[in-house]
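Next comes final.cif, with mmCIF, C-alpha atoms and all ligand atoms.
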```
data_coords
#
loop_
_atom_site.label_atom_id
_atom_site.label_comp_id
_atom_site.auth_asym_id
_atom_site.auth_seq_id
_atom_site.Cartn_x
_atom_site.Cartn_y
_atom_site.Cartn_z
CA VAL R 1227 -2.97 -23.21 -14.43
CA THR R 1228 -1.27 -20.01 -15.43
CA VAL R 1229 1.30 -18.39 -13.24
CA SER R 1230 2.69 -15.02 -14.30
CA GLU R 1231 6.29 -14.43 -13.39
CA LEU R 1232 7.24 -10.76 -13.32
CA THR R 1233 10.46 -9.08 -12.29
CA VAL R 1234 11.16 -5.92 -10.35
CA ASP R 1235 14.27 -4.89 -12.20
CA LEU R 1236 16.79 -3.36 -9.79
CA GLY R 1237 20.13 -4.70 -10.97
CA ASP R 1238 21.65 -7.11 -8.48
CA ARG R 1239 18.66 -6.58 -6.19
CA SER R 1240 16.12 -7.64 -8.82
CA TYR R 1241 13.47 -10.07 -7.64
CA PRO R 1242 10.63 -12.18 -8.98
CA VAL R 1243 6.92 -11.64 -8.35
CA LEU R 1244 4.82 -14.73 -8.98
CA VAL R 1245 1.09 -14.28 -9.53
CA GLY R 1246 -1.17 -17.31 -9.74
CA PRO R 1247 -3.21 -19.89 -7.86
CA GLY R 1248 -1.24 -21.91 -5.33
CA VAL R 1249 2.04 -20.02 -5.64
CA ARG R 1250 2.45 -19.90 -1.86
CA ASP R 1251 3.53 -23.54 -2.15
CA ARG R 1252 6.65 -22.34 -3.96
CA LEU R 1253 7.90 -20.52 -0.86
CA ALA R 1254 10.71 -23.01 -0.20
CA THR R 1255 12.05 -22.47 -3.73
CA VAL R 1256 12.36 -18.67 -3.39
CA LEU R 1257 13.94 -18.54 0.08
CA PRO R 1258 17.63 -17.63 0.17
CA THR R 1259 19.66 -20.83 0.40
CA SER R 1260 21.68 -19.35 3.29
CA ALA R 1261 18.61 -19.16 5.52
CA ALA R 1262 18.43 -21.86 8.15
CA ARG R 1263 15.50 -20.28 9.99
CA VAL R 1264 12.35 -18.66 8.67
CA ALA R 1265 10.43 -16.14 10.78
CA ILE R 1266 6.87 -15.94 9.48
CA VAL R 1267 5.21 -12.68 10.51
CA THR R 1268 1.42 -12.76 10.22
CA GLN R 1269 -1.85 -12.19 12.08
CA PRO R 1270 -3.91 -14.91 13.79
CA GLU R 1271 -6.95 -13.95 11.68
CA ILE R 1272 -5.23 -14.67 8.37
CA PRO R 1273 -6.20 -18.16 7.22
CA VAL R 1274 -3.01 -18.84 5.23
CA ARG R 1275 -0.55 -21.56 6.23
CA LEU R 1276 2.96 -21.64 4.81
CA ASP R 1277 5.46 -24.46 4.65
CA PRO R 1278 9.01 -23.17 4.21
CA HIS R 1279 10.47 -26.72 4.35
CA ARG R 1280 12.93 -25.73 7.05
CA GLU R 1281 13.01 -24.61 10.66
CA HIS R 1282 10.42 -21.88 11.13
CA ARG R 1283 8.36 -20.03 13.68
CA VAL R 1284 5.21 -17.95 13.39
CA PHE R 1285 5.18 -14.49 15.00
CA HIS R 1286 1.77 -12.86 15.35
CA ILE R 1287 1.21 -9.13 15.27
CA GLY R 1288 -1.98 -7.23 16.10
CA GLN R 1289 -4.81 -6.57 13.72
CA GLY R 1290 -5.34 -3.02 12.45
CA GLU R 1291 -3.34 0.15 11.82
CA GLN R 1292 -3.07 0.92 15.54
CA TRP R 1293 -0.54 -1.93 15.74
CA LYS R 1294 1.58 -0.57 12.91
CA THR R 1295 4.03 0.96 15.36
CA LEU R 1296 7.65 1.01 16.44
CA ALA R 1297 6.58 -0.91 19.55
CA THR R 1298 5.34 -3.79 17.37
CA VAL R 1299 8.62 -3.78 15.41
CA GLU R 1300 10.63 -3.77 18.64
CA GLU R 1301 8.66 -6.70 19.96
CA LEU R 1302 9.21 -8.63 16.73
CA CYS R 1303 12.95 -7.96 16.76
CA ARG R 1304 13.18 -9.03 20.38
CA SER R 1305 11.37 -12.26 19.54
CA PHE R 1306 13.73 -12.84 16.61
CA ALA R 1307 16.72 -12.32 18.91
CA ALA R 1308 15.29 -14.57 21.63
CA TRP R 1309 14.88 -17.30 19.02
CA GLY R 1310 18.49 -16.84 17.89
CA MET R 1311 17.88 -15.61 14.37
CA THR R 1312 21.07 -14.64 12.55
CA ARG R 1313 21.68 -12.26 9.66
CA ASP R 1314 21.58 -15.22 7.24
CA ASP R 1315 18.01 -16.08 8.21
CA VAL R 1316 14.89 -14.75 6.53
CA VAL R 1317 11.67 -12.95 7.46
CA VAL R 1318 8.48 -13.84 5.59
CA GLY R 1319 5.66 -11.28 5.72
CA CYS R 1320 2.37 -13.11 5.23
CA GLY R 1321 -0.62 -10.77 5.28
CA GLY R 1322 -2.07 -7.52 4.06
CA GLY R 1323 -0.12 -4.32 3.55
CA MET R 1324 -0.02 -3.67 7.26
CA VAL R 1325 1.81 -6.96 7.84
CA THR R 1326 4.18 -6.64 4.87
CA ASP R 1327 5.06 -3.04 5.87
CA VAL R 1328 5.82 -4.08 9.47
CA ALA R 1329 7.57 -7.37 8.61
CA GLY R 1330 9.57 -5.61 5.89
CA PHE R 1331 10.68 -2.89 8.30
CA ALA R 1332 11.64 -5.41 11.00
CA GLY R 1333 13.62 -7.28 8.32
CA ALA R 1334 15.29 -4.04 7.23
CA ILE R 1335 16.61 -3.22 10.68
CA TYR R 1336 17.10 -6.56 12.46
CA HIS R 1337 20.86 -7.19 12.45
CA ARG R 1338 21.01 -4.16 10.12
CA GLY R 1339 19.03 -6.06 7.56
CA VAL R 1340 18.05 -9.66 6.80
CA ARG R 1341 16.43 -11.04 3.65
CA VAL R 1342 12.64 -10.69 3.38
CA VAL R 1343 10.08 -12.57 1.28
CA HIS R 1344 6.49 -11.36 1.04
CA VAL R 1345 3.38 -13.47 0.70
CA PRO R 1346 0.71 -10.75 0.36
CA THR R 1347 -2.78 -11.99 1.27
CA THR R 1348 -4.95 -8.99 0.40
CA LEU R 1349 -5.68 -7.56 -3.01
CA LEU R 1350 -4.16 -4.26 -1.88
CA ALA R 1351 -0.92 -5.87 -0.74
CA MET R 1352 -0.61 -7.88 -3.97
CA VAL R 1353 -1.07 -4.92 -6.32
CA ASP R 1354 0.76 -2.38 -4.23
CA ALA R 1355 2.14 -2.72 -0.70
CA ALA R 1356 4.28 -5.86 -1.11
CA ILE R 1357 5.94 -4.56 -4.27
CA GLY R 1358 8.67 -1.94 -4.34
CA GLY R 1359 10.43 -2.10 -0.99
CA LYS R 1360 8.78 0.67 0.99
CA THR R 1361 8.49 -0.51 4.57
CA GLY R 1362 7.60 1.32 7.74
CA VAL R 1363 5.27 2.16 10.58
CA ASN R 1364 3.04 5.02 11.71
CA LEU R 1365 3.60 7.66 14.36
CA PRO R 1366 0.71 9.37 16.16
CA GLU R 1367 1.66 12.41 14.04
CA GLY R 1368 1.17 10.68 10.72
CA LYS R 1369 1.12 7.59 8.53
CA ASN R 1370 4.32 5.78 7.57
CA LEU R 1371 6.54 8.53 9.01
CA VAL R 1372 9.25 6.05 10.03
CA GLY R 1373 10.57 3.43 7.67
CA ALA R 1374 13.17 2.21 5.24
CA PHE R 1375 13.54 1.17 1.64
CA TRP R 1376 14.13 -2.57 1.83
CA GLN R 1377 13.45 -4.67 -1.24
CA PRO R 1378 12.23 -8.23 -0.71
CA SER R 1379 13.97 -11.21 -2.38
CA ALA R 1380 10.70 -12.48 -3.83
CA VAL R 1381 6.95 -11.86 -3.69
CA LEU R 1382 4.32 -14.61 -4.00
CA CYS R 1383 0.82 -13.41 -4.93
CA ASP R 1384 -1.32 -16.51 -4.41
CA LEU R 1385 -4.76 -15.93 -5.94
CA ASP R 1386 -6.29 -18.74 -3.84
CA VAL R 1387 -5.90 -16.78 -0.61
CA LEU R 1388 -8.20 -14.01 -1.87
CA ALA R 1389 -11.25 -16.27 -1.45
CA SER R 1390 -11.50 -15.49 2.27
CA LEU R 1391 -11.11 -11.73 1.89
CA SER R 1392 -14.05 -9.60 3.11
CA THR R 1393 -15.96 -7.38 0.68
CA ARG R 1394 -14.58 -4.39 2.50
CA ASP R 1395 -10.97 -5.50 2.04
CA THR R 1396 -11.60 -6.32 -1.61
CA ARG R 1397 -12.87 -2.76 -2.06
CA CYS R 1398 -9.69 -1.45 -0.46
CA GLY R 1399 -7.67 -3.20 -3.16
CA LEU R 1400 -9.91 -1.70 -5.82
CA GLY R 1401 -9.08 1.77 -4.44
CA GLU R 1402 -5.40 1.31 -5.34
CA MET R 1403 -6.39 -0.28 -8.64
CA ALA R 1404 -8.43 2.80 -9.55
CA LYS R 1405 -5.26 4.78 -8.89
CA TYR R 1406 -3.38 2.73 -11.51
CA HIS R 1407 -6.29 3.32 -13.87
CA PHE R 1408 -5.66 7.09 -13.71
CA LEU R 1409 -1.88 6.71 -13.99
CA THR R 1410 -2.02 4.54 -17.13
CA GLY R 1411 -5.55 4.74 -18.56
CA ASP R 1412 -5.69 0.92 -18.43
CA GLU R 1413 -9.18 -0.62 -18.33
CA LEU R 1414 -8.13 -3.04 -15.59
CA LEU R 1415 -11.59 -4.32 -14.73
CA ASP R 1416 -11.94 -5.86 -18.19
CA LEU R 1417 -9.24 -8.39 -17.26
CA ASP R 1418 -9.61 -11.58 -15.22
CA ILE R 1419 -8.37 -11.26 -11.64
CA GLY R 1420 -4.98 -12.92 -12.23
CA THR R 1421 -4.17 -10.83 -15.30
CA ARG R 1422 -5.41 -7.71 -13.55
CA ILE R 1423 -3.16 -8.24 -10.53
CA ALA R 1424 -0.22 -9.10 -12.79
CA ARG R 1425 -0.80 -5.91 -14.80
CA CYS R 1426 -0.87 -3.77 -11.63
CA VAL R 1427 2.35 -5.44 -10.44
CA GLU R 1428 3.89 -4.71 -13.82
CA ILE R 1429 2.88 -1.03 -13.65
CA LYS R 1430 4.25 -0.64 -10.15
CA ALA R 1431 7.42 -2.61 -10.92
CA GLY R 1432 8.09 -0.36 -13.91
CA ILE R 1433 7.79 2.80 -11.85
CA VAL R 1434 9.91 1.41 -9.00
CA ALA R 1435 12.63 0.20 -11.38
CA ASP R 1436 12.78 3.73 -12.79
CA ASP R 1437 12.89 5.57 -9.50
CA GLU R 1438 13.46 3.28 -6.54
CA ARG R 1439 13.89 5.99 -3.90
CA GLU R 1440 11.22 8.38 -5.08
CA GLY R 1441 13.38 11.13 -6.52
CA GLY R 1442 10.77 11.67 -9.22
CA ARG R 1443 8.23 9.48 -10.97
CA ARG R 1444 7.59 7.13 -8.03
CA ALA R 1445 5.81 10.00 -6.27
CA LEU R 1446 2.98 9.57 -8.78
CA LEU R 1447 2.05 6.35 -6.95
CA ASN R 1448 0.84 8.69 -4.21
CA TYR R 1449 -2.01 9.89 -6.42
CA GLY R 1450 -5.02 10.40 -4.15
CA HIS R 1451 -2.90 9.78 -1.07
CA THR R 1452 -2.44 13.25 0.43
CA LEU R 1453 -6.07 13.46 1.52
CA ALA R 1454 -6.21 9.68 2.00
CA HIS R 1455 -3.52 9.68 4.69
CA ALA R 1456 -5.16 12.67 6.38
CA LEU R 1457 -8.53 10.89 6.38
CA GLU R 1458 -6.99 7.79 7.93
CA ILE R 1459 -5.34 9.79 10.71
CA VAL R 1460 -8.20 12.20 11.43
CA SER R 1461 -10.82 9.42 11.39
CA GLY R 1462 -8.68 7.41 13.82
CA HIS R 1463 -8.38 4.72 11.12
CA ARG R 1464 -12.14 4.22 10.87
CA LEU R 1465 -11.48 4.58 7.16
CA ALA R 1466 -9.18 1.90 5.80
CA HIS R 1467 -6.32 2.86 3.52
CA GLY R 1468 -7.94 1.75 0.25
CA GLU R 1469 -11.26 3.37 1.16
CA ALA R 1470 -9.47 6.62 1.87
CA VAL R 1471 -7.59 6.43 -1.44
CA ALA R 1472 -10.89 6.19 -3.34
CA ILE R 1473 -12.04 9.45 -1.71
CA GLY R 1474 -8.63 11.02 -2.21
CA LEU R 1475 -8.66 10.37 -5.96
CA VAL R 1476 -11.91 12.28 -6.46
CA TYR R 1477 -10.71 15.03 -4.14
CA ALA R 1478 -7.49 15.38 -6.16
CA ALA R 1479 -9.62 15.90 -9.27
CA HIS R 1480 -11.64 18.67 -7.60
CA LEU R 1481 -8.43 20.31 -6.43
CA ALA R 1482 -6.85 20.08 -9.89
CA HIS R 1483 -9.96 21.76 -11.27
CA GLU R 1484 -9.78 24.43 -8.58
CA LEU R 1485 -6.22 25.19 -9.74
CA GLY R 1486 -7.29 25.35 -13.41
CA ARG R 1487 -5.40 22.17 -14.39
CA ILE R 1488 -8.39 20.11 -15.62
CA ASP R 1489 -11.96 20.80 -16.75
CA THR R 1490 -15.22 19.66 -15.16
CA ASP R 1491 -15.53 16.73 -17.61
CA ARG R 1492 -12.28 15.33 -16.30
CA VAL R 1493 -13.50 15.77 -12.69
CA GLU R 1494 -16.69 13.92 -13.60
CA HIS R 1495 -14.59 11.21 -15.25
CA HIS R 1496 -12.78 10.68 -11.93
CA ARG R 1497 -16.05 10.41 -10.04
CA HIS R 1498 -17.45 8.05 -12.68
CA VAL R 1499 -14.45 5.71 -12.64
CA VAL R 1500 -14.15 5.53 -8.85
CA GLU R 1501 -17.88 5.34 -8.03
CA ASP R 1502 -19.54 3.70 -11.04
CA VAL R 1503 -16.78 1.54 -12.54
CA TYR R 1504 -14.98 0.50 -9.34
CA GLY R 1505 -18.09 0.79 -7.15
CA LEU R 1506 -16.37 2.73 -4.39
CA ASP R 1507 -17.77 5.24 -1.90
CA THR R 1508 -16.27 8.71 -2.20
CA THR R 1509 -18.14 10.51 0.58
CA ILE R 1510 -16.20 11.94 3.48
CA PRO R 1511 -17.65 10.70 6.77
CA GLU R 1512 -19.60 13.37 8.62
CA GLY R 1513 -17.79 14.95 11.55
CA LEU R 1514 -14.29 15.08 10.10
CA ASP R 1515 -13.14 18.65 10.49
CA ASP R 1516 -11.70 20.46 7.43
CA ARG R 1517 -9.11 22.27 9.53
CA GLU R 1518 -7.83 19.03 11.00
CA LEU R 1519 -7.69 17.45 7.55
CA LEU R 1520 -5.72 20.44 6.27
CA ILE R 1521 -3.19 20.22 9.12
CA ALA R 1522 -2.79 16.49 8.53
CA MET R 1523 -2.31 17.08 4.79
CA SER R 1524 0.42 19.64 5.44
CA ARG R 1525 2.37 16.96 7.37
CA ASP R 1526 2.48 14.74 4.29
CA LYS R 1527 5.91 13.28 3.49
CA LYS R 1528 5.86 14.74 -0.02
CA THR R 1529 5.74 18.23 1.44
CA ARG R 1530 8.73 20.56 1.54
CA SER R 1531 6.89 23.78 2.28
CA GLY R 1532 3.19 24.46 2.07
CA LEU R 1533 0.91 21.78 0.64
CA THR R 1534 2.02 19.22 -1.94
CA PHE R 1535 -0.28 17.07 -4.05
CA VAL R 1536 -0.13 14.72 -6.99
CA LEU R 1537 -2.59 16.24 -9.46
CA ASP R 1538 -3.93 15.59 -12.90
CA GLY R 1539 -3.24 18.23 -15.53
CA PRO R 1540 -2.92 18.91 -19.24
CA THR R 1541 0.10 16.58 -19.56
CA GLY R 1542 -1.13 13.94 -17.12
CA VAL R 1543 -0.54 13.37 -13.42
CA ASP R 1544 2.24 15.41 -11.80
CA VAL R 1545 3.61 16.49 -8.42
CA VAL R 1546 2.44 20.01 -7.56
CA HIS R 1547 4.08 21.96 -4.73
CA ASP R 1548 2.88 25.05 -2.86
CA VAL R 1549 -0.82 24.48 -3.36
CA PRO R 1550 -2.66 27.36 -1.63
CA ALA R 1551 -4.54 26.24 1.48
CA ALA R 1552 -7.60 28.17 0.27
CA ALA R 1553 -7.82 25.98 -2.87
CA ALA R 1554 -7.41 22.81 -0.77
CA VAL R 1555 -10.25 23.93 1.51
CA LYS R 1556 -12.45 24.90 -1.42
CA ALA R 1557 -11.96 21.48 -2.99
CA LEU R 1558 -12.93 19.85 0.33
CA GLY R 1559 -16.19 21.79 0.01
CA CYS R 1560 -16.86 20.02 -3.32
CA MET R 1561 -16.84 16.61 -1.64
CA THR R 1562 -20.04 14.94 -0.44
CA ARG R 1563 -20.35 14.46 3.32
CA ALA R 1564 -22.45 11.67 4.68
CA ASP R 1565 -23.10 9.75 7.79
CA ASN R 1566 -22.93 6.35 6.14
CA GLY R 1567 -21.89 4.52 9.25
CA ARG R 1568 -18.17 4.57 8.69
N1 LIG A 1601 4.53 -0.20 1.26
C1 LIG A 1601 3.75 0.28 0.31
O1 LIG A 1601 4.21 0.60 -0.79
C2 LIG A 1601 2.28 0.39 0.58
C3 LIG A 1601 1.41 0.64 -0.48
C4 LIG A 1601 0.04 0.68 -0.22
C5 LIG A 1601 -0.43 0.47 1.07
N2 LIG A 1601 0.46 0.25 2.08
C6 LIG A 1601 -0.03 0.00 3.45
O2 LIG A 1601 -0.83 -1.17 3.44
C7 LIG A 1601 -1.75 -1.11 4.53
C8 LIG A 1601 -3.12 -1.51 4.05
O3 LIG A 1601 -3.06 -2.82 3.58
P1 LIG A 1601 -4.35 -3.75 3.57
O4 LIG A 1601 -5.48 -3.04 2.95
O5 LIG A 1601 -3.90 -5.04 3.00
O6 LIG A 1601 -4.73 -3.84 5.11
P2 LIG A 1601 -4.38 -4.90 6.25
O7 LIG A 1601 -3.03 -5.44 6.14
O8 LIG A 1601 -4.74 -4.23 7.52
O9 LIG A 1601 -5.41 -6.09 5.95
C9 LIG A 1601 -6.80 -5.85 5.98
C10 LIG A 1601 -7.53 -6.95 6.75
O10 LIG A 1601 -7.57 -8.14 5.99
C11 LIG A 1601 -7.25 -9.27 6.82
N3 LIG A 1601 -6.75 -10.28 5.90
C12 LIG A 1601 -5.57 -10.27 5.26
N4 LIG A 1601 -5.49 -11.29 4.39
C13 LIG A 1601 -6.65 -11.98 4.49
C14 LIG A 1601 -7.17 -13.11 3.82
N5 LIG A 1601 -6.50 -13.73 2.84
N6 LIG A 1601 -8.40 -13.54 4.18
C15 LIG A 1601 -9.11 -12.90 5.11
N7 LIG A 1601 -8.67 -11.79 5.76
C16 LIG A 1601 -7.46 -11.35 5.45
C17 LIG A 1601 -6.30 -8.70 7.80
O11 LIG A 1601 -6.21 -9.48 8.94
C18 LIG A 1601 -6.89 -7.32 8.06
O12 LIG A 1601 -7.92 -7.39 9.01
C19 LIG A 1601 -1.69 0.29 5.07
O13 LIG A 1601 -0.94 0.27 6.27
C20 LIG A 1601 -0.93 1.06 4.00
O14 LIG A 1601 -0.22 2.14 4.52
C21 LIG A 1601 1.79 0.19 1.85
ZN ZN A 1602 -1.80 3.37 -1.07
#
```

Would you give me this structure, written as structure tokens?
Ligand SMILES: NC(=O)c1ccc[n+]([C@@H]2O[C@H](COP(=O)([O-])OP(=O)(O)OC[C@H]3O[C@@H](n4cnc5c(N)ncnc54)[C@H](O)[C@@H]3O)[C@@H](O)[C@H]2O)c1
Ligand SMILES: [Zn+2]
Amino acid sequence: VTVSELTVDLGDRSYPVLVGPGVRDRLATVLPTSAARVAIVTQPEIPVRLDPHREHRVFHIGQGEQWKTLATVEELCRSFAAWGMTRDDVVVGCGGGMVTDVAGFAGAIYHRGVRVVHVPTTLLAMVDAAIGGKTGVNLPEGKNLVGAFWQPSAVLCDLDVLASLSTRDTRCGLGEMAKYHFLTGDELLDLDIGTRIARCVEIKAGIVADDEREGGRRALLNYGHTLAHALEIVSGHRLAHGEAVAIGLVYAAHLAHELGRIDTDRVEHHRHVVEDVYGLDTTIPEGLDDRELLIAMSRDKKTRSGLTFVLDGPTGVDVVHDVPAAAAVKALGCMTRADNGR
């Protein structure tokens, strides 16, 4: 059995990411030795059991983005306190990106920060959310508007847990994978699942090691995300994050074309990769209002003034500020609308 061991290289905060079947059983070996208690944060629906080989408790959080809130984090921290957790103890986030974002944030602020280990259980969390130390929750005004950078001590990507993942959640992971495809040109789908996940981790780890706090290159990981976050908010989270990213990638191509940065072949290439290669739906659900999407996009965290996007161009993908609203609206008009039940 092959286990890949990668490193997110951040000096004295560097940490290992293990990718392979059964690696969740190594949890006890990656926990900080100081930790007497282990708080496992997960959801009841996630069929993954962990054995930290020391005193532990399981704390359940709600299912779905509507529970990714400050209230959930407060409840977790109160439960940690009631249990008597100290700053030497450790939080383990066991779940999809929603769980690792919430558990990571609770770990970042409980006692001003305790160690965190992630056991991501969705494809999306393995290739993206659990890596790189961005943690946080949503506000009604927007996605991930409150949070902290808080690197975990280790990440265990156990391939065995993917067996129970729904088709829909697998597709969500493929949305982020398509993003890496455009950032690197890698033909990820040619690789077996373990190698593919390990390669995505390696890409993300490289970018994070370069630019931990998103002063520059890390922003490229938001490719496709300006519209994606708006779609999640305006649809009331009927669209899942990865589904929205798939749409956002094709939209970003139309917008880049609108601004004269890429030609129609390159737009078609985006559509081809997302729809034909990755098999993802890129239609915007009927009934989502362009004006509302535009307002939501202008609240994006990347924005200083006006609209900001990550866009393809002659020298590759780049952050573009002050995109005219008219171009953003025109590009929305290039997208297919459909009532496909989502
Ligand atoms: N921090 C980051 O850098 C980062 C990056 C990308 C995405 N995110 C965040 O990640 C979230 C999306 O993550 P997600 O797509 O994993 O969604 P999710 O965490 O909501 O999980 C999706 C569903 O899968 C279920 N599930 C999880 N593991 C399972 C398993 N092994 N078997 C069966 N069901 C399982 C969950 O209960 C849930 O219903 C969003 O909140 C997004 O903002 C964060
Ligand atoms: Zn994402």

Exercise. Please identify all polymer residues within 8 Å of range 1454-1470 of chain R, counting all atoms listed in the file, omitting same-chain residues fewer than 2 positions from it, and present them as a ChimeraX atom specification.
Key: /R:1291-1292,1350,1368-1369,1397-1402,1450-1452,1472-1474,1506-1507,1514,1518-1520,1522-1523,1526,1568

Self-check item: Closest of R:Val1345, R:Ala1334, R:Met1561, R:Ala1297 to Ile1266 in chain R - atom-to-atom distances counting all atoms listed in the file
Solution: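 Under the stated criterion, the closest residue is R:Val1345.
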
Quiz prompt | Among listed residues R:Thr1295, R:Thr1347, R:Ser1305, R:Ser1230, nearest ligand LIG 1601 (chain A) (using only C-alpha atoms and all ligand atoms) | solution =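 The closest residue to ligand LIG 1601 (chain A) is R:Thr1347.
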
Could I get the residue neighbourhood of ligand LIG 1601 (chain A) at 7 Å, counting all atoms listed in the file, as a PDB file with C-alpha atoms, in the coordinates of the input?
```
ATOM      1  CA  GLN R1269      -1.850 -12.190  12.080  1.00  0.00           C
ATOM      2  CA  GLU R1271      -6.950 -13.950  11.680  1.00  0.00           C
ATOM      3  CA  ILE R1272      -5.230 -14.670   8.370  1.00  0.00           C
ATOM      4  CA  PRO R1273      -6.200 -18.160   7.220  1.00  0.00           C
ATOM      5  CA  VAL R1274      -3.010 -18.840   5.230  1.00  0.00           C
ATOM      6  CA  GLN R1289      -4.810  -6.570  13.720  1.00  0.00           C
ATOM      7  CA  GLY R1290      -5.340  -3.020  12.450  1.00  0.00           C
ATOM      8  CA  GLU R1291      -3.340   0.150  11.820  1.00  0.00           C
ATOM      9  CA  GLY R1321      -0.620 -10.770   5.280  1.00  0.00           C
ATOM     10  CA  GLY R1322      -2.070  -7.520   4.060  1.00  0.00           C
ATOM     11  CA  GLY R1323      -0.120  -4.320   3.550  1.00  0.00           C
ATOM     12  CA  MET R1324      -0.020  -3.670   7.260  1.00  0.00           C
ATOM     13  CA  VAL R1325       1.810  -6.960   7.840  1.00  0.00           C
ATOM     14  CA  ASP R1327       5.060  -3.040   5.870  1.00  0.00           C
ATOM     15  CA  THR R1347      -2.780 -11.990   1.270  1.00  0.00           C
ATOM     16  CA  THR R1348      -4.950  -8.990   0.400  1.00  0.00           C
ATOM     17  CA  LEU R1349      -5.680  -7.560  -3.010  1.00  0.00           C
ATOM     18  CA  LEU R1350      -4.160  -4.260  -1.880  1.00  0.00           C
ATOM     19  CA  ALA R1351      -0.920  -5.870  -0.740  1.00  0.00           C
ATOM     20  CA  ASP R1354       0.760  -2.380  -4.230  1.00  0.00           C
ATOM     21  CA  ALA R1355       2.140  -2.720  -0.700  1.00  0.00           C
ATOM     22  CA  ALA R1356       4.280  -5.860  -1.110  1.00  0.00           C
ATOM     23  CA  ILE R1357       5.940  -4.560  -4.270  1.00  0.00           C
ATOM     24  CA  GLY R1358       8.670  -1.940  -4.340  1.00  0.00           C
ATOM     25  CA  GLY R1359      10.430  -2.100  -0.990  1.00  0.00           C
ATOM     26  CA  LYS R1360       8.780   0.670   0.990  1.00  0.00           C
ATOM     27  CA  THR R1361       8.490  -0.510   4.570  1.00  0.00           C
ATOM     28  CA  LYS R1369       1.120   7.590   8.530  1.00  0.00           C
ATOM     29  CA  ASN R1370       4.320   5.780   7.570  1.00  0.00           C
ATOM     30  CA  VAL R1387      -5.900 -16.780  -0.610  1.00  0.00           C
ATOM     31  CA  LEU R1388      -8.200 -14.010  -1.870  1.00  0.00           C
ATOM     32  CA  ALA R1389     -11.250 -16.270  -1.450  1.00  0.00           C
ATOM     33  CA  SER R1390     -11.500 -15.490   2.270  1.00  0.00           C
ATOM     34  CA  LEU R1391     -11.110 -11.730   1.890  1.00  0.00           C
ATOM     35  CA  SER R1392     -14.050  -9.600   3.110  1.00  0.00           C
ATOM     36  CA  ASP R1395     -10.970  -5.500   2.040  1.00  0.00           C
ATOM     37  CA  CYS R1398      -9.690  -1.450  -0.460  1.00  0.00           C
ATOM     38  CA  GLY R1399      -7.670  -3.200  -3.160  1.00  0.00           C
ATOM     39  CA  ALA R1466      -9.180   1.900   5.800  1.00  0.00           C
ATOM     40  CA  HIS R1467      -6.320   2.860   3.520  1.00  0.00           C
ATOM     41  CA  GLY R1468      -7.940   1.750   0.250  1.00  0.00           C
TER      42      GLY R1468
END
```

Exercise. Go ahead and compute the interatomic distance for CA of Gly1237 in chain R and CA of Val1317 in chain R, in Å to one decimal.
Key: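 Atom-to-atom, CA of Gly1237 in chain R and CA of Val1317 in chain R are spaced 21.9 Å apart.
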
Self-check item: Nearest to ligand ZN 1602 (chain A) by atom-to-atom distance, counting only C-alpha atoms and all ligand atoms, from R:Met1352, R:Ile1419, R:Val1243, R:Leu1414
Solution: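 Of all the options, R:Met1352 lies closest to ligand ZN 1602 (chain A).
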
Practice problem: Take CA of Leu1244 in chain R and CA of Leu1382 in chain R and report the distance between them in Å, one decimal. | Solution: 5.0 Å

Practice problem: Might you pull out every residue within 7 Å of Leu1236 in chain R, with all atoms listed in the file counted and same-chain residues fewer than 3 positions away left off, and present them as a list in words? | Solution: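 Final neighbour list, sorted by chain and number: Arg1239, Ser1240 and Ala1435 of chain R.
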
Self-check item: Nearest to Arg1422 in chain R by atom-to-atom distance, counting all atoms listed in the file, from R:Thr1534, R:Val1245, R:Asp1315, R:Asp1436
Solution: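 Among the listed residues, the smallest separation from Arg1422 in chain R belongs to R:Val1245.
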
Can you pull out the residues contacting Thr1421 in chain R? Cut-off 12 Å, using all atoms listed in the file, and skip same-chain residues under 2 positions away; I want them as a PDB file with C-alpha atoms, keeping the file's coordinate frame.
```pdb
ATOM      1  CA  THR R1228      -1.270 -20.010 -15.430  1.00  0.00           C
ATOM      2  CA  VAL R1229       1.300 -18.390 -13.240  1.00  0.00           C
ATOM      3  CA  SER R1230       2.690 -15.020 -14.300  1.00  0.00           C
ATOM      4  CA  GLU R1231       6.290 -14.430 -13.390  1.00  0.00           C
ATOM      5  CA  LEU R1232       7.240 -10.760 -13.320  1.00  0.00           C
ATOM      6  CA  LEU R1244       4.820 -14.730  -8.980  1.00  0.00           C
ATOM      7  CA  VAL R1245       1.090 -14.280  -9.530  1.00  0.00           C
ATOM      8  CA  GLY R1246      -1.170 -17.310  -9.740  1.00  0.00           C
ATOM      9  CA  PRO R1247      -3.210 -19.890  -7.860  1.00  0.00           C
ATOM     10  CA  VAL R1353      -1.070  -4.920  -6.320  1.00  0.00           C
ATOM     11  CA  CYS R1383       0.820 -13.410  -4.930  1.00  0.00           C
ATOM     12  CA  LEU R1385      -4.760 -15.930  -5.940  1.00  0.00           C
ATOM     13  CA  GLU R1413      -9.180  -0.620 -18.330  1.00  0.00           C
ATOM     14  CA  LEU R1414      -8.130  -3.040 -15.590  1.00  0.00           C
ATOM     15  CA  LEU R1415     -11.590  -4.320 -14.730  1.00  0.00           C
ATOM     16  CA  ASP R1416     -11.940  -5.860 -18.190  1.00  0.00           C
ATOM     17  CA  LEU R1417      -9.240  -8.390 -17.260  1.00  0.00           C
ATOM     18  CA  ASP R1418      -9.610 -11.580 -15.220  1.00  0.00           C
ATOM     19  CA  ILE R1419      -8.370 -11.260 -11.640  1.00  0.00           C
ATOM     20  CA  ILE R1423      -3.160  -8.240 -10.530  1.00  0.00           C
ATOM     21  CA  ALA R1424      -0.220  -9.100 -12.790  1.00  0.00           C
ATOM     22  CA  ARG R1425      -0.800  -5.910 -14.800  1.00  0.00           C
ATOM     23  CA  CYS R1426      -0.870  -3.770 -11.630  1.00  0.00           C
ATOM     24  CA  VAL R1427       2.350  -5.440 -10.440  1.00  0.00           C
ATOM     25  CA  GLU R1428       3.890  -4.710 -13.820  1.00  0.00           C
TER      26      GLU R1428
END
```
